[in-house]
file work.cif (mmCIF, C-alpha atoms and all ligand atoms)
data_final
loop_
_atom_site.label_atom_id
_atom_site.label_comp_id
_atom_site.auth_asym_id
_atom_site.auth_seq_id
_atom_site.Cartn_x
_atom_site.Cartn_y
_atom_site.Cartn_z
CA MET A 1 7.40 38.46 -7.19
CA ASP A 2 6.46 35.91 -4.56
CA GLY A 3 5.06 33.17 -6.75
CA GLN A 4 3.65 31.38 -3.75
CA ALA A 5 1.35 34.35 -3.12
CA LEU A 6 -0.65 33.02 -6.06
CA TRP A 7 -1.24 29.69 -4.31
CA SER A 8 -4.36 28.76 -2.38
CA PRO A 9 -3.62 29.06 1.34
CA ARG A 10 -3.93 25.33 1.96
CA VAL A 11 -1.38 24.54 -0.76
CA ARG A 12 1.19 26.66 1.04
CA GLU A 13 0.80 24.42 4.06
CA LEU A 14 0.82 21.04 2.32
CA VAL A 15 3.65 18.63 3.06
CA PRO A 16 3.30 16.24 0.10
CA TYR A 17 4.11 12.53 0.15
CA VAL A 18 7.60 11.75 -1.11
CA PRO A 19 7.67 8.53 -3.14
CA GLY A 20 10.74 6.31 -3.07
CA GLU A 21 13.39 7.04 -5.67
CA GLN A 22 12.76 5.76 -9.21
CA PRO A 23 16.37 5.81 -10.43
CA ARG A 24 17.29 6.55 -14.01
CA ILE A 25 20.52 4.64 -13.66
CA ALA A 26 20.31 1.04 -14.86
CA ASN A 27 21.61 -1.96 -12.90
CA LEU A 28 20.64 -0.73 -9.48
CA VAL A 29 19.12 -3.41 -7.29
CA LYS A 30 15.85 -1.69 -6.56
CA LEU A 31 14.43 -2.75 -3.20
CA ASN A 32 12.97 0.59 -2.13
CA THR A 33 9.34 0.89 -3.31
CA ASN A 34 7.82 -2.57 -2.79
CA GLU A 35 7.25 -3.25 -6.44
CA ASN A 36 6.95 -6.88 -7.46
CA PRO A 37 10.30 -8.16 -8.77
CA TYR A 38 8.45 -10.19 -11.42
CA PRO A 39 6.79 -8.68 -14.49
CA PRO A 40 3.03 -9.10 -14.96
CA SER A 41 1.59 -12.19 -16.62
CA PRO A 42 2.09 -12.35 -20.41
CA ARG A 43 -1.71 -12.38 -20.65
CA VAL A 44 -1.79 -8.90 -19.13
CA VAL A 45 0.63 -7.60 -21.72
CA ALA A 46 -1.40 -9.22 -24.52
CA ALA A 47 -4.62 -7.61 -23.22
CA ILE A 48 -2.97 -4.18 -23.03
CA GLU A 49 -1.63 -4.54 -26.58
CA GLN A 50 -5.03 -5.49 -27.85
CA ALA A 51 -6.68 -2.56 -26.04
CA ALA A 52 -4.07 -0.23 -27.51
CA ARG A 53 -4.88 -1.43 -31.01
CA GLN A 54 -8.60 -0.82 -30.82
CA GLY A 55 -10.43 2.28 -29.76
CA LEU A 56 -7.80 4.54 -28.15
CA GLN A 57 -9.44 7.50 -29.93
CA LEU A 58 -12.55 6.86 -27.83
CA TYR A 59 -13.01 7.55 -24.13
CA PRO A 60 -12.95 4.41 -21.99
CA ASP A 61 -15.94 3.02 -20.10
CA PRO A 62 -16.25 5.57 -17.25
CA GLU A 63 -17.49 2.85 -14.88
CA SER A 64 -14.88 0.20 -15.77
CA THR A 65 -17.79 -2.25 -15.91
CA ALA A 66 -15.95 -5.32 -17.18
CA LEU A 67 -13.13 -4.84 -14.68
CA ARG A 68 -15.61 -4.44 -11.82
CA GLU A 69 -17.31 -7.66 -12.83
CA THR A 70 -14.00 -9.52 -12.99
CA ILE A 71 -12.91 -8.25 -9.55
CA ALA A 72 -16.35 -8.97 -8.06
CA ALA A 73 -16.35 -12.54 -9.39
CA HIS A 74 -12.83 -13.07 -8.06
CA HIS A 75 -13.79 -11.96 -4.55
CA GLY A 76 -17.32 -13.40 -4.50
CA ILE A 77 -19.04 -10.02 -4.14
CA ASP A 78 -21.39 -7.98 -6.32
CA ALA A 79 -20.06 -5.72 -9.10
CA ALA A 80 -21.96 -2.85 -7.45
CA GLN A 81 -19.73 -3.36 -4.39
CA VAL A 82 -16.54 -2.58 -6.32
CA PHE A 83 -15.06 0.87 -7.01
CA PRO A 84 -11.96 0.88 -9.25
CA GLY A 85 -9.58 3.81 -9.47
CA ASN A 86 -6.29 5.09 -10.82
CA GLY A 87 -4.12 3.28 -8.32
CA SER A 88 -5.31 2.65 -4.79
CA ASP A 89 -3.80 6.00 -3.82
CA GLU A 90 -6.58 7.67 -5.80
CA VAL A 91 -9.18 5.35 -4.30
CA LEU A 92 -7.86 6.19 -0.82
CA ALA A 93 -7.96 9.92 -1.53
CA HIS A 94 -11.59 9.68 -2.67
CA ALA A 95 -12.45 7.61 0.39
CA PHE A 96 -10.87 10.18 2.73
CA PHE A 97 -12.89 12.91 1.00
CA ALA A 98 -16.09 10.85 0.98
CA PHE A 99 -16.07 9.56 4.56
CA PHE A 100 -13.59 11.23 6.88
CA GLN A 101 -14.47 14.93 6.72
CA GLN A 102 -16.24 14.68 10.05
CA PRO A 103 -16.37 16.68 13.28
CA ARG A 104 -14.69 13.78 15.08
CA PRO A 105 -11.10 12.81 14.31
CA LEU A 106 -9.96 10.05 12.01
CA LEU A 107 -8.14 7.37 14.02
CA MET A 108 -4.97 5.76 12.66
CA PRO A 109 -1.71 4.33 14.00
CA ASP A 110 1.20 6.74 14.44
CA ILE A 111 3.33 4.39 12.36
CA THR A 112 1.56 3.63 9.09
CA TYR A 113 1.43 4.54 5.40
CA SER A 114 2.45 8.19 5.43
CA PHE A 115 0.13 9.14 2.58
CA TYR A 116 -2.84 9.00 4.99
CA ARG A 117 -1.65 12.10 6.78
CA VAL A 118 -1.16 13.88 3.47
CA TYR A 119 -4.80 13.26 2.49
CA CYS A 120 -5.86 14.60 5.89
CA GLN A 121 -3.97 17.82 5.21
CA LEU A 122 -5.27 18.05 1.67
CA TYR A 123 -8.90 17.75 2.77
CA GLY A 124 -8.66 19.41 6.18
CA ILE A 125 -9.36 16.18 8.08
CA ARG A 126 -8.36 16.06 11.75
CA ALA A 127 -6.42 12.90 12.55
CA GLU A 128 -5.73 11.32 15.91
CA LEU A 129 -2.58 9.20 15.81
CA LEU A 130 -2.70 6.25 18.20
CA PRO A 131 0.73 4.88 19.12
CA VAL A 132 1.76 1.40 18.05
CA ASP A 133 3.39 -0.52 20.92
CA ASP A 134 7.14 -0.87 21.48
CA ALA A 135 7.24 -3.84 19.10
CA LEU A 136 5.58 -1.53 16.52
CA GLN A 137 2.34 -3.54 16.66
CA ILE A 138 -1.09 -1.92 16.43
CA ASP A 139 -2.85 -2.02 19.80
CA MET A 140 -6.55 -2.52 19.11
CA ALA A 141 -7.48 -1.53 22.67
CA HIS A 142 -6.83 2.12 21.71
CA TYR A 143 -9.54 2.05 19.07
CA ALA A 144 -12.50 0.38 20.77
CA GLY A 145 -15.23 2.87 21.48
CA ARG A 146 -13.01 5.95 21.09
CA PRO A 147 -14.95 8.87 19.53
CA ALA A 148 -14.08 8.69 15.85
CA GLY A 149 -15.01 10.17 12.51
CA GLY A 150 -13.49 7.08 10.88
CA VAL A 151 -10.66 4.59 11.22
CA VAL A 152 -7.93 3.72 8.74
CA ILE A 153 -5.75 0.65 9.18
CA ALA A 154 -3.25 -0.84 6.74
CA ASN A 155 -3.26 -4.62 7.14
CA PRO A 156 -0.51 -5.73 6.85
CA ASN A 157 0.70 -2.40 8.17
CA ALA A 158 3.25 -0.31 6.29
CA PRO A 159 6.16 0.05 6.74
CA THR A 160 6.31 -2.64 9.44
CA GLY A 161 4.79 -5.60 7.54
CA SER A 162 2.92 -6.69 10.69
CA ALA A 163 -0.52 -8.18 10.18
CA LEU A 164 -3.57 -8.20 12.43
CA PRO A 165 -5.78 -11.29 12.61
CA LEU A 166 -9.21 -11.00 11.06
CA ALA A 167 -10.81 -11.26 14.52
CA ALA A 168 -9.12 -7.95 15.49
CA ILE A 169 -10.53 -6.25 12.40
CA GLU A 170 -13.97 -7.63 13.19
CA THR A 171 -13.79 -6.37 16.77
CA LEU A 172 -12.85 -2.95 15.42
CA LEU A 173 -15.82 -2.95 13.02
CA GLN A 174 -18.15 -3.82 15.89
CA SER A 175 -16.67 -1.25 18.24
CA GLN A 176 -17.01 1.59 15.70
CA PRO A 177 -20.46 0.96 14.17
CA GLY A 178 -21.02 4.64 13.38
CA SER A 179 -17.78 5.18 11.44
CA VAL A 180 -16.30 3.92 8.22
CA VAL A 181 -13.42 1.55 8.94
CA LEU A 182 -11.08 1.55 5.96
CA VAL A 183 -8.77 -1.47 5.76
CA ASP A 184 -5.98 -0.92 3.25
CA GLU A 185 -4.91 -4.39 2.11
CA ALA A 186 -2.16 -3.39 -0.33
CA TYR A 187 0.01 -6.34 0.83
CA VAL A 188 -2.62 -8.85 1.91
CA ASP A 189 -1.78 -11.45 -0.75
CA PHE A 190 1.66 -12.01 0.76
CA GLY A 191 0.22 -13.86 3.72
CA ALA A 192 -2.35 -11.92 5.77
CA ASP A 193 -6.07 -12.55 6.20
CA SER A 194 -8.32 -10.41 4.03
CA ALA A 195 -11.38 -8.65 5.43
CA MET A 196 -13.10 -9.09 2.05
CA PRO A 197 -15.41 -11.85 3.41
CA LEU A 198 -16.72 -9.33 5.99
CA VAL A 199 -17.97 -6.84 3.38
CA GLU A 200 -21.38 -8.49 3.22
CA LYS A 201 -21.77 -8.37 7.02
CA TYR A 202 -20.52 -4.88 7.95
CA PRO A 203 -22.08 -1.74 6.42
CA ASN A 204 -19.16 0.36 7.75
CA LEU A 205 -16.32 -1.67 6.16
CA LEU A 206 -14.36 -0.46 3.16
CA VAL A 207 -11.54 -2.72 1.95
CA VAL A 208 -8.97 -1.21 -0.44
CA HIS A 209 -6.74 -3.27 -2.73
CA THR A 210 -4.06 -2.40 -5.26
CA LEU A 211 -2.80 -4.23 -8.31
CA SER A 212 0.60 -2.59 -7.85
CA LYS A 213 2.13 -5.12 -5.49
CA ALA A 214 1.04 -8.78 -5.68
CA ARG A 215 -0.28 -8.37 -9.24
CA SER A 216 2.95 -6.78 -10.55
CA LEU A 217 1.18 -3.77 -12.06
CA ALA A 218 2.64 -0.71 -10.33
CA GLY A 219 3.21 0.82 -13.76
CA LEU A 220 -0.43 0.52 -14.80
CA ARG A 221 -2.04 2.37 -11.83
CA VAL A 222 -5.06 0.34 -10.78
CA GLY A 223 -6.62 -0.21 -7.38
CA PHE A 224 -10.13 -0.59 -6.03
CA ALA A 225 -12.34 -0.37 -2.98
CA ALA A 226 -14.87 -2.99 -1.96
CA GLY A 227 -17.81 -2.23 0.30
CA GLN A 228 -21.56 -2.17 0.50
CA ARG A 229 -23.44 -0.18 -2.12
CA HIS A 230 -24.03 2.91 0.01
CA LEU A 231 -20.26 3.33 0.44
CA ILE A 232 -19.53 2.73 -3.25
CA GLU A 233 -22.19 5.30 -4.14
CA ALA A 234 -20.38 7.96 -2.09
CA LEU A 235 -17.08 7.13 -3.81
CA GLU A 236 -18.77 7.41 -7.22
CA ARG A 237 -20.11 10.84 -6.32
CA VAL A 238 -16.61 12.04 -5.48
CA LYS A 239 -15.06 10.42 -8.56
CA ASN A 240 -17.70 11.91 -10.85
CA SER A 241 -17.00 15.31 -9.34
CA PHE A 242 -13.31 14.93 -10.10
CA ASN A 243 -12.54 12.76 -13.16
CA SER A 244 -15.05 10.62 -15.04
CA TYR A 245 -12.37 8.50 -16.69
CA PRO A 246 -9.72 7.58 -14.14
CA LEU A 247 -8.83 4.32 -15.90
CA GLY A 248 -7.81 4.25 -19.56
CA ARG A 249 -8.69 1.40 -21.87
CA PRO A 250 -5.31 -0.35 -21.54
CA ALA A 251 -5.51 -0.15 -17.74
CA GLN A 252 -9.02 -1.61 -17.61
CA ALA A 253 -8.11 -4.46 -19.97
CA GLY A 254 -4.74 -5.23 -18.37
CA ALA A 255 -6.12 -5.18 -14.83
CA ALA A 256 -8.92 -7.59 -15.71
CA ALA A 257 -6.46 -9.94 -17.41
CA ALA A 258 -4.34 -10.01 -14.23
CA TYR A 259 -7.21 -11.80 -12.46
CA GLU A 260 -7.57 -14.34 -15.23
CA ASP A 261 -4.08 -15.80 -14.82
CA SER A 262 -4.37 -17.20 -11.32
CA GLU A 263 -1.62 -19.74 -11.91
CA TYR A 264 0.94 -17.03 -12.67
CA PHE A 265 -0.27 -15.01 -9.69
CA GLU A 266 0.14 -17.97 -7.38
CA GLN A 267 3.66 -18.75 -8.66
CA THR A 268 5.02 -15.22 -8.29
CA ARG A 269 3.32 -14.67 -4.94
CA GLN A 270 4.82 -17.86 -3.53
CA ALA A 271 8.25 -16.95 -4.91
CA VAL A 272 8.13 -13.61 -3.09
CA ILE A 273 6.97 -15.22 0.15
CA ALA A 274 9.76 -17.81 -0.02
CA ALA A 275 12.36 -15.11 -0.76
CA ARG A 276 11.07 -13.05 2.19
CA GLU A 277 11.59 -15.93 4.60
CA GLU A 278 15.09 -16.59 3.23
CA LEU A 279 16.00 -12.88 3.36
CA THR A 280 14.80 -12.70 6.97
CA VAL A 281 17.16 -15.53 7.96
CA GLN A 282 20.07 -13.92 6.10
CA LEU A 283 19.46 -10.59 7.83
CA TRP A 284 19.34 -12.29 11.22
CA ARG A 285 22.71 -13.84 10.47
CA LEU A 286 24.08 -10.37 9.76
CA GLY A 287 22.90 -9.23 13.18
CA PHE A 288 19.68 -7.43 12.19
CA ASP A 289 16.45 -7.40 14.16
CA VAL A 290 13.73 -8.17 11.62
CA LEU A 291 10.03 -7.71 12.31
CA PRO A 292 7.95 -10.71 11.27
CA SER A 293 6.46 -9.67 7.92
CA LYS A 294 3.35 -10.70 6.02
CA ALA A 295 4.17 -8.29 3.20
CA ASN A 296 6.60 -8.17 0.27
CA PHE A 297 9.12 -6.23 2.35
CA VAL A 298 10.88 -6.56 5.66
CA PHE A 299 11.44 -3.88 8.27
CA ALA A 300 14.85 -4.36 9.85
CA ARG A 301 17.18 -2.61 12.25
CA HIS A 302 20.83 -3.21 13.02
CA PRO A 303 21.68 -2.57 16.67
CA ARG A 304 25.09 -1.09 15.85
CA GLN A 305 24.57 0.66 12.52
CA ASP A 306 22.86 3.97 11.81
CA ALA A 307 20.05 3.19 9.37
CA ALA A 308 20.32 6.36 7.28
CA ALA A 309 24.08 5.90 6.90
CA LEU A 310 23.63 2.26 5.99
CA ALA A 311 21.00 3.13 3.36
CA SER A 312 23.30 5.62 1.69
CA ARG A 313 26.26 3.23 1.77
CA LEU A 314 24.08 0.52 0.24
CA ARG A 315 23.20 2.94 -2.52
CA GLU A 316 26.91 3.41 -3.23
CA HIS A 317 27.03 -0.36 -3.64
CA GLY A 318 24.16 -0.26 -6.11
CA VAL A 319 21.36 -1.34 -3.77
CA LEU A 320 18.37 0.91 -3.05
CA VAL A 321 16.39 0.43 0.17
CA ARG A 322 13.99 2.81 1.91
CA HIS A 323 14.73 4.81 5.03
CA PHE A 324 12.11 6.99 6.74
CA LYS A 325 13.37 9.98 8.68
CA GLN A 326 10.56 9.70 11.18
CA PRO A 327 10.56 9.43 14.97
CA ARG A 328 10.36 5.85 16.32
CA ILE A 329 11.38 4.23 13.02
CA ASP A 330 14.44 6.20 11.93
CA GLN A 331 16.76 3.33 12.84
CA TYR A 332 14.95 0.91 10.55
CA LEU A 333 15.33 0.08 6.89
CA ARG A 334 12.42 -1.04 4.79
CA ILE A 335 13.70 -3.58 2.31
CA SER A 336 11.48 -4.81 -0.52
CA VAL A 337 11.71 -8.51 -1.27
CA GLY A 338 13.28 -9.01 -4.68
CA THR A 339 14.15 -12.06 -6.70
CA PRO A 340 16.52 -14.50 -4.96
CA ALA A 341 19.36 -12.92 -7.00
CA GLN A 342 18.43 -9.39 -5.90
CA CYS A 343 18.19 -10.46 -2.26
CA GLU A 344 21.58 -12.10 -2.57
CA ALA A 345 23.06 -8.89 -4.01
CA LEU A 346 21.73 -7.01 -0.98
CA VAL A 347 23.12 -9.56 1.46
CA ASN A 348 26.52 -9.50 -0.29
CA ALA A 349 26.62 -5.70 -0.12
CA LEU A 350 25.75 -5.83 3.58
CA ARG A 351 28.51 -8.37 4.20
CA LEU A 352 31.00 -5.89 2.76
CA LEU A 353 29.62 -3.03 4.82
CA LEU A 354 29.15 -4.69 8.19
CA PRO A 355 31.76 -6.10 10.50
CA THR A 356 31.28 -9.87 10.82
CA PRO A 357 29.20 -10.53 13.96
CA SER A 358 30.94 -12.40 16.74
CA PRO A 359 29.49 -15.91 17.16
C1 LIG A 401 1.73 0.78 -2.28
C2 LIG A 401 0.64 1.16 -1.33
C3 LIG A 401 -0.51 1.81 -1.78
C4 LIG A 401 -0.58 2.44 -3.13
O1 LIG A 401 -0.86 1.62 -4.14
P1 LIG A 401 -1.12 2.18 -5.60
O2 LIG A 401 -2.26 1.33 -6.02
O3 LIG A 401 0.13 1.90 -6.35
O4 LIG A 401 -1.48 3.62 -5.56
C5 LIG A 401 -1.53 2.03 -0.88
N1 LIG A 401 -1.42 1.68 0.41
C6 LIG A 401 -0.32 1.10 0.88
C7 LIG A 401 -0.24 0.74 2.32
C8 LIG A 401 0.75 0.84 0.02
O5 LIG A 401 1.87 0.32 0.50
#
call {"tool": "encode", "arguments": {"input": "work.cif", "output": "structure tokens", "more": "lines below"}}
Ligand SMILES: *Cc1c(COP(=O)(O)O)cnc(C)c1O
result
Amino acid sequence: MDGQALWSPRVRELVPYVPGEQPRIANLVKLNTNENPYPPSPRVVAAIEQAARQGLQLYPDPESTALRETIAAHHGIDAAQVFPGNGSDEVLAHAFFAFFQQPRPLLMPDITYSFYRVYCQLYGIRAELLPVDDALQIDMAHYAGRPAGGVVIANPNAPTGSALPLAAIETLLQSQPGSVVLVDEAYVDFGADSAMPLVEKYPNLLVVHTLSKARSLAGLRVGFAAGQRHLIEALERVKNSFNSYPLGRPAQAGAAAAYEDSEYFEQTRQAVIAAREELTVQLWRLGFDVLPSKANFVFARHPRQDAAALASRLREHGVLVRHFKQPRIDQYLRISVGTPAQCEALVNALRLLLPTPSP
């Protein structure tokens, strides 16, 4: 029997997102999925333990009220302007469903977070991919006034790490007043400007954040969207037509606690930024071209080494990095910034694999 005959037609056509490898082997230097190399604050762990001890037999608050209030206070917005979800991937999926099923196409860069295209397929959204320039930078001129059913931009962009200035985002918001402009700020805390202060001013702006990267909580699955009430209301409609309880009690408690330890956040964030700058210099010395990054990863290419081959040889040396088999970027490696020791392990492995560059 053809089991696939039982599938809905659209499922047969889906090309799902492929996450980076989560190895079961210990001792690999894992620089392939942009996790934070530092664990979350001890206060987060304490809050999760406490939440686990009381009330797990009961459903959680479906609205994550306390978490919303904490996030809102942190960003200086109203709790009604915050929509938390089970990882920002879920928040993004709901946003695509809520805003981008339009007669006009959704605009996005050709090189960006590849999950966006998967949501388009899942929900039957037509996307128009606008090419980044030869330096892999987003060219805002492509977006101004182009007929659009929405715009999605990752800032900093993935997997390049390049950031747009806030003025470019603001120009985009003004040039597309009739469309939702979704700015995915998964990596913003590593050095880019956040569009959060524009939420109050622009009724078409939706900013999406995750706690997976700068807040060291990839294992907890929490993200959120921020926008004016009418946008949040649409997201709530979708969520309440899908899953009333996307965040469990431990997730709500742990996520809120992550915002209460700003000292720890600042320390780990600065450590990652410093390691990124050091890693960039080391990669230059090994002959790599490295895009300037405002994220917790670098996007690098070696002029004389095939990227896919290099990634697999690095794996043999116990170092995982990410390679995307995609036109325009298939000679690049995306390398997450680890601890100084992890970065050093990568650099040492590369020294073994690469011929020493001539001076
Ligand atoms: C990591 C990442 C996400 C997903 O974050 P989760 O909250 O872990 O689902 C979303 N967007 C971009 C650009 C990312 O890199």
call {"tool": "residues_around", "arguments": {"input": "work.cif", "residues": "Ile232 (chain A)", "least_positions_apart": "3", "cutoff": "12 Å", "atoms": "only C-alpha atoms", "output": "ChimeraX atom specification"}}
result
/A:63,68,78-85,91,94-95,98-99,180,199,203-208,224-229,235-239
call {"tool": "residues_around", "arguments": {"input": "work.cif", "residues": "region 9-13 of chain A", "least_positions_apart": "4", "cutoff": "12 Å", "atoms": "all atoms listed in the file", "output": "PyMOL selection string"}}
result
chain A and resi 3-5+118+120-124
call {"tool": "closest_atom_pairs", "arguments": {"input": "work.cif", "of": "chain A", "to": "ligand LIG 401 (chain A)", "cutoff": "7 Å", "atoms": "all atoms listed in the file", "output": "Markdown table"}}
result
| residue | atom | partner | partner_atom | distance |
| --- | --- | --- | --- | --- |
| A:Asn34 | CA | A:LIG401 | C1 | 7.0 |
| A:Gly87 | CA | A:LIG401 | O2 | 3.5 |
| A:Ser88 | CA | A:LIG401 | O2 | 3.5 |
| A:Asp89 | CA | A:LIG401 | O4 | 3.8 |
| A:Glu90 | CA | A:LIG401 | O4 | 6.5 |
| A:Tyr113 | CA | A:LIG401 | C7 | 5.2 |
| A:Ala154 | CA | A:LIG401 | C7 | 5.6 |
| A:Asn157 | CA | A:LIG401 | C7 | 6.7 |
| A:Ala158 | CA | A:LIG401 | C7 | 5.4 |
| A:Asp184 | CA | A:LIG401 | N1 | 6.0 |
| A:Glu185 | CA | A:LIG401 | C7 | 6.9 |
| A:Ala186 | CA | A:LIG401 | C6 | 5.0 |
| A:Tyr187 | CA | A:LIG401 | O5 | 6.9 |
| A:Thr210 | CA | A:LIG401 | O2 | 4.2 |
| A:Leu211 | CA | A:LIG401 | O2 | 6.0 |
| A:Ser212 | CA | A:LIG401 | O3 | 4.8 |
| A:Lys213 | CA | A:LIG401 | C1 | 6.7 |
| A:Ala218 | CA | A:LIG401 | O3 | 5.4 |
| A:Arg221 | CA | A:LIG401 | O2 | 5.9 |
| A:Val222 | CA | A:LIG401 | O2 | 5.6 |
| A:Gly223 | CA | A:LIG401 | O2 | 4.8 |
call {"tool": "atom_distance", "arguments": {"input": "work.cif", "atom1": "CA of Thr339 (chain A)", "atom2": "CA of Ile48 (chain A)"}}
result
24.9 Å
call {"tool": "axis_aligned_box", "arguments": {"input": "work.cif", "around": "region 292-310 of chain A", "padding_each_side": "3 Å", "output": "JSON"}}
result
{"center_x": 14.2, "center_y": -2.2, "center_z": 8.5, "size_x": 27.7, "size_y": 23.1, "size_z": 22.4}
call {"tool": "atom_distance", "arguments": {"input": "work.cif", "atom1": "CA of Pro250 (chain A)", "atom2": "CA of Ala52 (chain A)"}}
result
6.1 Å
call {"tool": "closest_residue", "arguments": {"input": "work.cif", "among": "A:Arg249, A:His74, A:His230, A:Lys201", "to": "Leu56 (chain A)", "atoms": "all atoms listed in the file"}}
result
A:Arg249
call {"tool": "residues_near_point", "arguments": {"input": "work.cif", "point": "(14.2, -0.2, 1.3)", "cutoff": "7 Å", "atoms": "only C-alpha atoms", "output": "list in words"}}
result
Leu31, Asn32, Thr33, Leu320, Val321, Arg322, His323, Leu333, Arg334, Ile335 and Ser336 of chain A
call {"tool": "residues_around", "arguments": {"input": "work.cif", "residues": "Val337 (chain A)", "least_positions_apart": "5", "cutoff": "10 Å", "atoms": "only C-alpha atoms", "output": "list in words"}}
result
Lys30, Leu31, Asn32, Thr33, Asn34, Glu35, Asn36, Pro37, Ala271, Val272, Ile273, Ala274, Ala275, Arg276, Glu277, Glu278, Leu279, Thr280, Ala295, Asn296, Phe297, Val298, Gln342 and Cys343 of chain A
call {"tool": "residues_around", "arguments": {"input": "work.cif", "residues": "Ala311 (chain A)", "least_positions_apart": "3", "cutoff": "12 Å", "atoms": "all atoms listed in the file", "output": "number ranges by chain"}}
result
A: 31-32, 300-302, 305-308, 314-325, 330-335, 346, 349-350, 353
call {"tool": "closest_atom_pairs", "arguments": {"input": "work.cif", "of": "region 213-294 of chain A", "to": "region 135-138 of chain A", "cutoff": "12 Å", "atoms": "all atoms listed in the file", "output": "Markdown table"}}
result
| residue | atom | partner | partner_atom | distance |
| --- | --- | --- | --- | --- |
| A:Asp289 | CA | A:Ala135 | CA | 11.0 |
| A:Val290 | CA | A:Ala135 | CA | 10.8 |
| A:Leu291 | CA | A:Ala135 | CA | 8.3 |
| A:Pro292 | CA | A:Ala135 | CA | 10.4 |
| A:Ser293 | CA | A:Gln137 | CA | 11.4 |
call {"tool": "decode", "arguments": {"input": "work.cif", "residues": "region 266-277 of chain A", "atoms": "N, CA and C atoms", "output": "JSON list (two decimals), in the first residue's frame"}}
result
[["chain", "number", "residue", "atom", "x", "y", "z"],
["A", 266, "GLU", "N", 23.79, 40.34, 30.85],
["A", 266, "GLU", "CA", 24.79, 41.27, 30.33],
["A", 266, "GLU", "C", 26.16, 40.59, 30.23],
["A", 267, "GLN", "N", 26.52, 39.86, 31.28],
["A", 267, "GLN", "CA", 27.83, 39.17, 31.31],
["A", 267, "GLN", "C", 27.98, 38.17, 30.16],
["A", 268, "THR", "N", 26.98, 37.32, 29.99],
["A", 268, "THR", "CA", 27.08, 36.26, 28.98],
["A", 268, "THR", "C", 27.01, 36.85, 27.57],
["A", 269, "ARG", "N", 26.17, 37.86, 27.41],
["A", 269, "ARG", "CA", 26.05, 38.52, 26.11],
["A", 269, "ARG", "C", 27.38, 39.16, 25.71],
["A", 270, "GLN", "N", 28.01, 39.86, 26.66],
["A", 270, "GLN", "CA", 29.29, 40.50, 26.35],
["A", 270, "GLN", "C", 30.37, 39.46, 26.08],
["A", 271, "ALA", "N", 30.32, 38.34, 26.79],
["A", 271, "ALA", "CA", 31.32, 37.29, 26.55],
["A", 271, "ALA", "C", 31.20, 36.74, 25.13],
["A", 272, "VAL", "N", 29.97, 36.56, 24.67],
["A", 272, "VAL", "CA", 29.76, 36.05, 23.31],
["A", 272, "VAL", "C", 30.22, 37.08, 22.27],
["A", 273, "ILE", "N", 29.90, 38.34, 22.51],
["A", 273, "ILE", "CA", 30.32, 39.39, 21.57],
["A", 273, "ILE", "C", 31.84, 39.45, 21.49],
["A", 274, "ALA", "N", 32.51, 39.40, 22.63],
["A", 274, "ALA", "CA", 33.97, 39.45, 22.65],
["A", 274, "ALA", "C", 34.56, 38.23, 21.93],
["A", 275, "ALA", "N", 33.98, 37.05, 22.16],
["A", 275, "ALA", "CA", 34.48, 35.84, 21.51],
["A", 275, "ALA", "C", 34.25, 35.90, 20.00],
["A", 276, "ARG", "N", 33.15, 36.52, 19.58],
["A", 276, "ARG", "CA", 32.88, 36.67, 18.14],
["A", 276, "ARG", "C", 33.96, 37.51, 17.47],
["A", 277, "GLU", "N", 34.33, 38.61, 18.12],
["A", 277, "GLU", "CA", 35.34, 39.48, 17.51],
["A", 277, "GLU", "C", 36.68, 38.77, 17.44]]
